[in-house]
Amino acid sequence: MFITRGTRHDKDDIRELLATREWDNADLNEGKSFIARDGKVIGHVRVVEVEPQVVVVDDVIVAEDRRGNGIGTDLMRAAMLAQGGTMYCCCHDDRIEFYKRLGFELLPNGFDDAPDSAQQYWRKVEDYPTAADHVHYFLKAR
């Protein structure tokens, strides 16, 4: 298994991985992708610089049969090392501790504490607003 920056040649493989979670609206032409590959793509993270020094982390996924092996952590570290600026992410409650281990912290007022450019991005990709039964948490690092 190796981790590398995704290229245009990896897009079909990334879409195949995203489809396993029914994520079919990712714009892979936006931002930078990082992938974990073991023959096929088994992990993916995309970072989008929404304004200078403001970066949104999106499409973090590891193949279900490969979870728990540190692949997601390795992908996030690669993305964080390669991309400067303050990083923001949106996640479900079961992923908060994962992001905290990487240096993220919850925004005290959630969505409202994020910069306008990050808020606009989350609205565009429909991460906000969310239904009452589908809660998102907003975090930042650096």
# chains A, B, ... in the order shown; residues from 1 in each chain; ligands from 1

$ select_by_dssp --residues "chain A" --states "helix (DSSP H, G or I)" --output "ChimeraX atom specification"
/A:8-19,64-66,71-82,93-101,110-113,116-124

$ write_last_selection --atoms "N, CA and C atoms" --output "compact mmCIF listing (two decimals), in the first residue's frame"
# COMPACT_ATOMS: atom_id res chain seq x y z
N ARG A 8 -5.44 12.86 -12.50
CA ARG A 8 -6.63 12.69 -13.34
C ARG A 8 -6.83 11.23 -13.72
N HIS A 9 -5.75 10.47 -13.75
CA HIS A 9 -5.84 9.05 -14.10
C HIS A 9 -6.48 8.22 -12.98
N ASP A 10 -6.55 8.77 -11.78
CA ASP A 10 -7.12 8.04 -10.63
C ASP A 10 -8.60 8.33 -10.41
N LYS A 11 -9.16 9.27 -11.15
CA LYS A 11 -10.53 9.73 -10.88
C LYS A 11 -11.57 8.63 -10.94
N ASP A 12 -11.50 7.75 -11.92
CA ASP A 12 -12.49 6.67 -12.00
C ASP A 12 -12.38 5.74 -10.79
N ASP A 13 -11.17 5.44 -10.37
CA ASP A 13 -10.98 4.59 -9.19
C ASP A 13 -11.48 5.28 -7.92
N ILE A 14 -11.26 6.58 -7.82
CA ILE A 14 -11.75 7.34 -6.66
C ILE A 14 -13.28 7.33 -6.66
N ARG A 15 -13.88 7.58 -7.82
CA ARG A 15 -15.35 7.56 -7.90
C ARG A 15 -15.91 6.19 -7.50
N GLU A 16 -15.23 5.13 -7.89
CA GLU A 16 -15.67 3.78 -7.52
C GLU A 16 -15.66 3.61 -6.01
N LEU A 17 -14.62 4.10 -5.34
CA LEU A 17 -14.55 4.02 -3.89
C LEU A 17 -15.65 4.87 -3.26
N LEU A 18 -15.83 6.09 -3.73
CA LEU A 18 -16.86 6.97 -3.18
C LEU A 18 -18.26 6.36 -3.35
N ALA A 19 -18.47 5.65 -4.44
CA ALA A 19 -19.78 5.04 -4.71
C ALA A 19 -20.13 3.97 -3.68
N GLU A 64 -14.20 -0.13 3.40
CA GLU A 64 -14.70 -0.73 4.63
C GLU A 64 -13.84 -1.89 5.13
N ASP A 65 -13.36 -2.72 4.24
CA ASP A 65 -12.56 -3.87 4.65
C ASP A 65 -11.13 -3.51 5.03
N ARG A 66 -10.75 -2.23 4.91
CA ARG A 66 -9.40 -1.79 5.25
C ARG A 66 -9.37 -0.81 6.43
N ILE A 71 -4.95 3.82 7.74
CA ILE A 71 -4.92 4.39 6.39
C ILE A 71 -5.49 5.80 6.39
N GLY A 72 -6.62 6.00 7.06
CA GLY A 72 -7.22 7.33 7.13
C GLY A 72 -6.29 8.34 7.79
N THR A 73 -5.63 7.92 8.86
CA THR A 73 -4.68 8.79 9.55
C THR A 73 -3.52 9.14 8.63
N ASP A 74 -2.98 8.15 7.95
CA ASP A 74 -1.87 8.40 7.02
C ASP A 74 -2.28 9.33 5.89
N LEU A 75 -3.48 9.15 5.36
CA LEU A 75 -3.97 10.03 4.31
C LEU A 75 -4.11 11.47 4.81
N MET A 76 -4.70 11.63 5.98
CA MET A 76 -4.89 12.98 6.53
C MET A 76 -3.55 13.64 6.81
N ARG A 77 -2.60 12.89 7.34
CA ARG A 77 -1.27 13.47 7.60
C ARG A 77 -0.60 13.92 6.30
N ALA A 78 -0.73 13.11 5.26
CA ALA A 78 -0.15 13.49 3.96
C ALA A 78 -0.79 14.78 3.45
N ALA A 79 -2.10 14.86 3.54
CA ALA A 79 -2.81 16.06 3.08
C ALA A 79 -2.42 17.28 3.92
N MET A 80 -2.31 17.09 5.23
CA MET A 80 -1.98 18.21 6.11
C MET A 80 -0.55 18.69 5.90
N LEU A 81 0.35 17.77 5.60
CA LEU A 81 1.74 18.17 5.34
C LEU A 81 1.88 18.88 3.99
N ALA A 82 1.07 18.50 3.04
CA ALA A 82 1.19 19.05 1.69
C ALA A 82 0.46 20.37 1.51
N ASP A 93 -20.64 12.65 14.51
CA ASP A 93 -20.12 12.52 15.87
C ASP A 93 -19.15 11.35 16.04
N ASP A 94 -19.32 10.27 15.28
CA ASP A 94 -18.44 9.12 15.44
C ASP A 94 -17.04 9.35 14.86
N ARG A 95 -16.82 10.45 14.17
CA ARG A 95 -15.51 10.76 13.59
C ARG A 95 -14.77 11.87 14.33
N ILE A 96 -15.40 12.49 15.32
CA ILE A 96 -14.78 13.61 16.03
C ILE A 96 -13.44 13.22 16.64
N GLU A 97 -13.37 12.09 17.32
CA GLU A 97 -12.12 11.69 17.98
C GLU A 97 -11.01 11.44 16.97
N PHE A 98 -11.36 10.89 15.81
CA PHE A 98 -10.37 10.71 14.74
C PHE A 98 -9.72 12.04 14.39
N TYR A 99 -10.53 13.05 14.16
CA TYR A 99 -9.99 14.36 13.79
C TYR A 99 -9.26 15.03 14.95
N LYS A 100 -9.73 14.83 16.17
CA LYS A 100 -9.03 15.40 17.33
C LYS A 100 -7.61 14.84 17.44
N ARG A 101 -7.45 13.55 17.16
CA ARG A 101 -6.10 12.95 17.21
C ARG A 101 -5.16 13.59 16.19
N GLY A 110 -19.84 25.93 16.24
CA GLY A 110 -20.04 25.11 15.05
C GLY A 110 -19.90 25.89 13.75
N PHE A 111 -20.81 25.67 12.85
CA PHE A 111 -20.82 26.26 11.52
C PHE A 111 -20.59 27.77 11.56
N ASP A 112 -21.21 28.45 12.53
CA ASP A 112 -21.14 29.91 12.60
C ASP A 112 -19.73 30.44 12.86
N ASP A 113 -18.85 29.61 13.41
CA ASP A 113 -17.48 30.04 13.68
C ASP A 113 -16.54 29.84 12.49
N ASP A 116 -16.55 32.61 6.14
CA ASP A 116 -17.61 32.63 5.13
C ASP A 116 -17.31 31.70 3.96
N SER A 117 -16.05 31.64 3.53
CA SER A 117 -15.70 30.81 2.37
C SER A 117 -15.93 29.33 2.67
N ALA A 118 -15.64 28.88 3.89
CA ALA A 118 -15.89 27.49 4.28
C ALA A 118 -17.40 27.25 4.37
N GLN A 119 -18.12 28.20 4.93
CA GLN A 119 -19.58 28.07 5.01
C GLN A 119 -20.19 27.96 3.62
N GLN A 120 -19.74 28.78 2.70
CA GLN A 120 -20.24 28.73 1.33
C GLN A 120 -19.97 27.37 0.70
N TYR A 121 -18.78 26.84 0.94
CA TYR A 121 -18.43 25.52 0.39
C TYR A 121 -19.39 24.45 0.94
N TRP A 122 -19.58 24.45 2.26
CA TRP A 122 -20.45 23.43 2.87
C TRP A 122 -21.89 23.55 2.37
N ARG A 123 -22.32 24.76 2.13
CA ARG A 123 -23.67 24.93 1.55
C ARG A 123 -23.70 24.36 0.13
N LYS A 124 -22.67 24.63 -0.64
CA LYS A 124 -22.61 24.16 -2.03
C LYS A 124 -22.65 22.64 -2.11

$ closest_atom_pairs --of "segment 81-101 of chain A" --to "segment 40-46 of chain A" --cutoff "12 Å" --atoms "only C-alpha atoms" --output "Markdown table"
| residue | atom | partner | partner_atom | distance |
| --- | --- | --- | --- | --- |
| A:Ala82 | CA | A:Arg46 | CA | 11.6 |
| A:Gln83 | CA | A:Arg46 | CA | 10.7 |
| A:Met87 | CA | A:Arg46 | CA | 11.6 |
| A:Tyr88 | CA | A:Arg46 | CA | 12.0 |
| A:Cys89 | CA | A:Arg46 | CA | 10.9 |

$ residues_around --residues "Cys90 of chain A" --least-positions-apart "6" --cutoff "8 Å" --atoms "only C-alpha atoms" --output "PyMOL selection string"
chain A and resi 57-58+127+136-139

$ write_last_selection --atoms "N, CA and C atoms" --output "mmCIF file, in the first residue's frame"
data_model
loop_
_atom_site.group_PDB
_atom_site.id
_atom_site.type_symbol
_atom_site.label_atom_id
_atom_site.label_comp_id
_atom_site.auth_asym_id
_atom_site.auth_seq_id
_atom_site.Cartn_x
_atom_site.Cartn_y
_atom_site.Cartn_z
ATOM 1 N N VAL A 57 -11.462 20.184 4.271
ATOM 2 C CA VAL A 57 -11.187 18.760 4.083
ATOM 3 C C VAL A 57 -12.502 18.099 3.685
ATOM 4 N N ASP A 58 -12.470 17.302 2.619
ATOM 5 C CA ASP A 58 -13.699 16.687 2.123
ATOM 6 C C ASP A 58 -13.410 15.276 1.620
ATOM 7 N N ASP A 127 -23.557 20.010 2.839
ATOM 8 C CA ASP A 127 -23.245 19.552 4.192
ATOM 9 C C ASP A 127 -23.955 20.415 5.233
ATOM 10 N N HIS A 136 -24.199 17.354 11.779
ATOM 11 C CA HIS A 136 -22.798 17.542 11.406
ATOM 12 C C HIS A 136 -22.108 18.392 12.465
ATOM 13 N N TYR A 137 -20.835 18.106 12.667
ATOM 14 C CA TYR A 137 -19.991 18.871 13.582
ATOM 15 C C TYR A 137 -18.901 19.524 12.745
ATOM 16 N N PHE A 138 -18.478 20.705 13.170
ATOM 17 C CA PHE A 138 -17.507 21.480 12.404
ATOM 18 C C PHE A 138 -16.262 21.695 13.255
ATOM 19 N N LEU A 139 -15.114 21.399 12.647
ATOM 20 C CA LEU A 139 -13.840 21.439 13.359
ATOM 21 C C LEU A 139 -12.814 22.229 12.577
#

$ residues_around --residues "Ala141 of chain A" --least-positions-apart "6" --cutoff "6 Å" --atoms "only C-alpha atoms" --output "JSON, numbers by chain"
{"A": [86, 87, 103, 104]}

$ write_last_selection --atoms "C-alpha atoms" --output "PDB file, in the first residue's frame"
ATOM      1  CA  THR A  86      -6.094  26.569   8.474  1.00  0.00           C
ATOM      2  CA  MET A  87      -8.068  23.418   7.796  1.00  0.00           C
ATOM      3  CA  GLY A 103      -5.037  18.221  15.927  1.00  0.00           C
ATOM      4  CA  PHE A 104      -8.550  19.362  15.000  1.00  0.00           C
TER       5      PHE A 104
END

$ atom_distance --atom1 "atom CA of Lys32 of chain A" --atom2 "atom CA of Thr4 of chain A"
10.9 Å

$ residues_around --residues "Val125 of chain A" --least-positions-apart "6" --cutoff "10 Å" --atoms "only C-alpha atoms" --output "compact mmCIF listing (two decimals) with N, CA and C atoms, in the first residue's frame"
# COMPACT_ATOMS: atom_id res chain seq x y z
N ASN A 25 -21.68 12.91 -5.55
CA ASN A 25 -21.70 14.31 -5.95
C ASN A 25 -20.35 15.02 -5.76
N ALA A 26 -19.30 14.28 -5.53
CA ALA A 26 -17.98 14.89 -5.33
C ALA A 26 -17.46 15.47 -6.64
N ASP A 27 -16.97 16.70 -6.57
CA ASP A 27 -16.37 17.34 -7.74
C ASP A 27 -14.86 17.11 -7.67
N ASP A 58 -12.47 17.30 2.62
CA ASP A 58 -13.70 16.69 2.12
C ASP A 58 -13.41 15.28 1.62

$ closest_residue --among "A:Thr7, A:Ser33, A:Thr130, A:Asn109" --to "Ile61 of chain A" --atoms "only C-alpha atoms"
A:Ser33

$ atom_distance --atom1 "atom CA of Thr20 of chain A" --atom2 "atom CA of Tyr128 of chain A"
22.3 Å

$ closest_residue --among "A:Ile3, A:Arg37, A:Ala114, A:Ala131" --to "Val54 of chain A" --atoms "only C-alpha atoms"
A:Ala114

$ atom_distance --atom1 "atom CA of Arg67 of chain A" --atom2 "atom CA of Arg21 of chain A"
13.6 Å
